[in-house]
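Colleague: Here's a structure for you.
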Amino acid sequence: MSTITPELYVRVQSFFEEYGRLLDEDRLETWVELFTEDARYEIVSRENHEQGLPLSLMLCDSRDMLHDRIYSLREANIYNIHTDCHVIGTARILHENGVLSAVAPYSLFQSTQEGETRLFSVGRYHLTFAETDGRLSISRLRVVTDTGAILTLLATPI
Amino acid sequence: MSTITPELYVRVQSFFEEYGRLLDEDRLETWVELFTEDARYEIVSRENHEQGLPLSLMLCDSRDMLHDRIYSLREANIYNIHTDCHVIGTARILHENGVLSAVAPYSLFQSTQEGETRLFSVGRYHLTFAETDGRLSISRLRVVTDTGAILTLLATPI
Amino acid sequence: MSTITPELYVRVQSFFEEYGRLLDEDRLETWVELFTEDARYEIVSRENHEQGLPLSLMLCDSRDMLHDRIYSLREANIYNIHTDCHVIGTARILHENGVLSAVAPYSLFQSTQEGETRLFSVGRYHLTFAETDGRLSISRLRVVTDTGAILTLLATPI
């Protein structure tokens, strides 16, 4: 394992900060732009992740597919019934063979329009970065959620 | 946007750490000293923040006013019925035109004397710093809370 | 107080990250290796911590004792009924008289096999480091939990 410089640490932590903030501010179209064109985004339960099962709670195989999903959310207007708040912990950063990846724990809280907040999901982001023109993007993101039984409630990304 | 150096990042994260710790340790008088003399501290609901409405859940227009509030809390002894625990995420840092500001997500948990813990509030700190003699202070802090309906319970600052 | 360099900050944050991740991934035997041979690990309620009372919710006086405890957990198979997720905040770092220590707030969530998540404990780690061959270890860790009444549920470390 190579050493993680403070510069790289700040860069990765700041990336996760932006990731969470864009979702929380409901700027989903800008959030999508964090991904590369051929990025893969999926949400899997921890159980399936650990057992290597292919079943996903959400799966998008490209940025276009993510765009479509966001578009559907806007049309359905379902997304509007809650607001998100992400509190993301310290990432484990790996920089091996020229590939930068990170694993970070998250807690995601949702509040209703009436102001009631509940714990929606906790788990970890498993993220592989791409770098183009000095800018980090997501080439692959697997959200491993400890919290199950949220299938029908999965209106917005985690 | 200027580049955020690791030194500045650590400084801002450590400032939020101290902010949360002083509240959690019930060192409210020391917490007040984090503010400048003419600082503004307010708690607003996310809804009012986004719609630009002036209504606050709490508003102090100067450090003296914060001192008064803390004094009242000590007198009333209400603050004593719970303990706080702040878990604050990564801040977005802006350094523009000589003004340093930061936005950081927080989760605040409260525990009763019986040891029951509940989620009290989640949201984001919107903080503008002042710097005097190489020391950071708060010149303005707006706490935007996703969690509403806590008006009557707002004994202590968030 | 000496200045905290970005390098030291990253090192300490990354240490807590590894601490939480090893517990969350149920790699308890590897987690034990974070401790020195004569390390002390204890969990105390905030009330007892603040009043200086000696009563612990869990106490291990050496790494061997931690090993024994983990072994018992494996035998009893009780640990298996939930999964942990630690979200740890920014640490306060002290480097005085050659001794490195840190205090960091944590939130710990537990999920059942059915995928229900609840807040299990919040509080702060009070950690004193040892350094051997350029590697950080725990020489003393006191977990101060705000959340009480978890005595009978304390199957795994926090």
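Naming scheme: A, B, ... for chains in displayed order of the structure tokens; residues 1 onward per chain; ligands 1 onward as shown.
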Set the distance at 6 Å and use only C-alpha atoms: which residues neighbour segment 42-55 of chain A once local chain neighbours fewer than 2 positions away are removed? I'd like the list as a list of chain:residue names.
Modeller: A:Leu57, A:Met58, A:Leu59, A:Arg142, A:Val143, A:Val144, A:Thr145, A:Asp146
Colleague: If you keep N, CA and C atoms, can you produce a file of those selected residues as a CSV table (one decimal), in the first residue's frame?
Modeller:
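Final output, saved to part.csv:
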chain,number,residue,atom,x,y,z
A,57,LEU,N,-30.4,-3.6,-5.1
A,57,LEU,CA,-31.6,-2.9,-4.8
A,57,LEU,C,-31.8,-1.8,-5.8
A,58,MET,N,-30.7,-1.3,-6.4
A,58,MET,CA,-30.8,-0.4,-7.5
A,58,MET,C,-29.5,-0.6,-8.3
A,59,LEU,N,-29.7,-0.5,-9.6
A,59,LEU,CA,-28.5,-0.7,-10.5
A,59,LEU,C,-28.6,0.2,-11.7
A,142,ARG,N,-20.4,1.2,-5.5
A,142,ARG,CA,-21.3,0.2,-4.9
A,142,ARG,C,-21.6,0.6,-3.5
A,143,VAL,N,-22.9,0.9,-3.2
A,143,VAL,CA,-23.3,1.3,-1.9
A,143,VAL,C,-23.8,0.0,-1.2
A,144,VAL,N,-23.1,-0.3,-0.1
A,144,VAL,CA,-23.4,-1.5,0.6
A,144,VAL,C,-24.2,-1.1,1.9
A,145,THR,N,-25.5,-1.4,1.9
A,145,THR,CA,-26.3,-0.9,3.0
A,145,THR,C,-26.6,-2.0,4.0
A,146,ASP,N,-26.3,-1.6,5.3
A,146,ASP,CA,-26.7,-2.5,6.4
A,146,ASP,C,-28.2,-2.6,6.6
Colleague: Can you list, as number ranges by chain, every residue of segment 3-158 of chain C that DSSP puts in strand (DSSP E or B)?
Modeller: C: 35-45, 58-60, 82-88, 92-96, 99-112, 117-132, 135-145
Colleague: Please provide as a compact mmCIF listing (two decimals) with all heavy atoms, in the first residue's frame all residues within 9 Å of Val103 of chain B, with the sequence filter that same-chain residues fewer than 6 positions apart are discarded (counting only C-alpha atoms).
Modeller:
# COMPACT_ATOMS: atom_id res chain seq x y z
N THR B 90 -17.55 16.11 7.13
CA THR B 90 -16.54 16.92 6.45
C THR B 90 -17.14 18.24 5.99
O THR B 90 -18.23 18.29 5.46
CB THR B 90 -16.01 16.16 5.21
OG1 THR B 90 -15.51 14.90 5.64
CG2 THR B 90 -14.92 16.95 4.51
N ALA B 91 -16.39 19.31 6.22
CA ALA B 91 -16.85 20.64 5.84
C ALA B 91 -16.51 20.95 4.39
O ALA B 91 -15.47 20.53 3.87
CB ALA B 91 -16.21 21.69 6.74
N ARG B 92 -17.40 21.69 3.74
CA ARG B 92 -17.05 22.33 2.48
C ARG B 92 -16.46 23.68 2.86
O ARG B 92 -17.08 24.46 3.59
CB ARG B 92 -18.29 22.55 1.64
CG ARG B 92 -17.96 23.27 0.36
CD ARG B 92 -19.19 23.80 -0.32
NE ARG B 92 -18.87 24.14 -1.68
CZ ARG B 92 -19.62 24.87 -2.47
NH1 ARG B 92 -20.78 25.30 -2.05
NH2 ARG B 92 -19.23 25.15 -3.69
N ILE B 93 -15.27 23.95 2.40
CA ILE B 93 -14.56 25.17 2.78
C ILE B 93 -14.47 26.13 1.61
O ILE B 93 -14.12 25.72 0.50
CB ILE B 93 -13.13 24.82 3.28
CG1 ILE B 93 -13.22 23.85 4.47
CG2 ILE B 93 -12.37 26.09 3.67
CD1 ILE B 93 -11.87 23.27 4.88
N LEU B 94 -14.80 27.37 1.85
CA LEU B 94 -14.66 28.40 0.82
C LEU B 94 -13.76 29.50 1.35
O LEU B 94 -13.88 29.91 2.50
CB LEU B 94 -16.03 28.98 0.45
CG LEU B 94 -16.96 28.07 -0.34
CD1 LEU B 94 -18.33 28.72 -0.50
CD2 LEU B 94 -16.37 27.77 -1.72
N ARG B 124 -27.15 21.23 8.74
CA ARG B 124 -25.84 21.75 8.33
C ARG B 124 -25.53 23.07 9.01
O ARG B 124 -26.40 23.91 9.19
CB ARG B 124 -25.79 21.93 6.81
CG ARG B 124 -25.21 20.72 6.09
CD ARG B 124 -25.15 20.89 4.59
NE ARG B 124 -24.44 19.78 3.95
CZ ARG B 124 -24.96 18.58 3.73
NH1 ARG B 124 -26.18 18.30 4.09
NH2 ARG B 124 -24.21 17.63 3.14
N TYR B 125 -24.27 23.23 9.38
CA TYR B 125 -23.75 24.50 9.86
C TYR B 125 -23.30 25.33 8.67
O TYR B 125 -22.55 24.84 7.83
CB TYR B 125 -22.54 24.28 10.76
CG TYR B 125 -22.82 23.53 12.04
CD1 TYR B 125 -22.24 22.29 12.29
CD2 TYR B 125 -23.67 24.06 13.01
CE1 TYR B 125 -22.49 21.60 13.47
CE2 TYR B 125 -23.92 23.38 14.19
CZ TYR B 125 -23.34 22.15 14.41
OH TYR B 125 -23.60 21.47 15.57
N HIS B 126 -23.76 26.58 8.63
CA HIS B 126 -23.26 27.53 7.63
C HIS B 126 -22.50 28.59 8.41
O HIS B 126 -23.11 29.44 9.06
CB HIS B 126 -24.43 28.16 6.86
CG HIS B 126 -25.19 27.19 6.00
ND1 HIS B 126 -25.18 27.22 4.63
CD2 HIS B 126 -25.95 26.12 6.33
CE1 HIS B 126 -25.92 26.24 4.14
NE2 HIS B 126 -26.41 25.55 5.15
N LEU B 127 -21.19 28.52 8.35
CA LEU B 127 -20.36 29.30 9.26
C LEU B 127 -19.44 30.25 8.50
O LEU B 127 -18.75 29.86 7.56
CB LEU B 127 -19.54 28.31 10.09
CG LEU B 127 -18.88 28.80 11.39
CD1 LEU B 127 -18.55 27.60 12.27
CD2 LEU B 127 -17.65 29.61 11.15
N THR B 128 -19.41 31.51 8.91
CA THR B 128 -18.45 32.48 8.40
C THR B 128 -17.45 32.81 9.51
O THR B 128 -17.85 33.11 10.63
CB THR B 128 -19.14 33.77 7.93
OG1 THR B 128 -20.17 33.42 6.99
CG2 THR B 128 -18.15 34.71 7.25
Colleague: Residues of chain A within 9 Å of chain B, counting only C-alpha atoms - could you list those as a list of chain:residue names?
Modeller: A:Pro6, A:Glu7, A:Tyr9, A:Val10, A:Gln13, A:Ser14, A:Phe16, A:Glu17, A:Glu18, A:Arg21, A:Thr83, A:Asp84, A:Cys85, A:His86, A:Val87, A:Ile88, A:Gly89, A:Thr90, A:Phe109, A:Gln110, A:Ser111, A:Thr112, A:Gln113, A:Glu114, A:Gly115, A:Glu116, A:Thr117, A:Arg118, A:Leu119
Colleague: Please give the complete set of residues from chain B that DSSP, run on the backbone, assigns to alpha helix (DSSP H), formatted as a VMD selection string.
Modeller: chain B and resid 6 to 24 28 to 32 46 to 51 63 to 76
Colleague: For a test of reading the model, state the distance in Å between atom CA of Met65 of chain A and atom CA of Gly98 of chain A, rounded to one decimal.
Modeller: 27.4 Å
Colleague: Quick one: pull the distance between atom CA of Asp68 of chain A and atom CA of Val99 of chain A, Å, one decimal.
Modeller: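 So the two atoms, atom CA of Asp68 of chain A and atom CA of Val99 of chain A, lie 28.4 Å apart.
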Colleague: Looking at only C-alpha atoms, which of C:Thr132, C:Asn97, C:Ser72, C:Ser139 is the one that sits closest to Leu28 of chain C?
Modeller: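 Looking at the shortest contact to Leu28 of chain C, the residue is C:Ser72.
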Colleague: With only C-alpha atoms as the basis for distance, which of A:Leu108, A:Leu66, A:Phe129, A:Val12 is at the shortest distance from Leu141 of chain A?
Modeller: A:Phe129
Colleague: Kindly give the distance, in Å, that separates atom CA of Pro157 of chain B and atom CA of Asp38 of chain B, rounded to a single decimal.
Modeller: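 Calculated distance between atom CA of Pro157 of chain B and atom CA of Asp38 of chain B is 17.5 Å.
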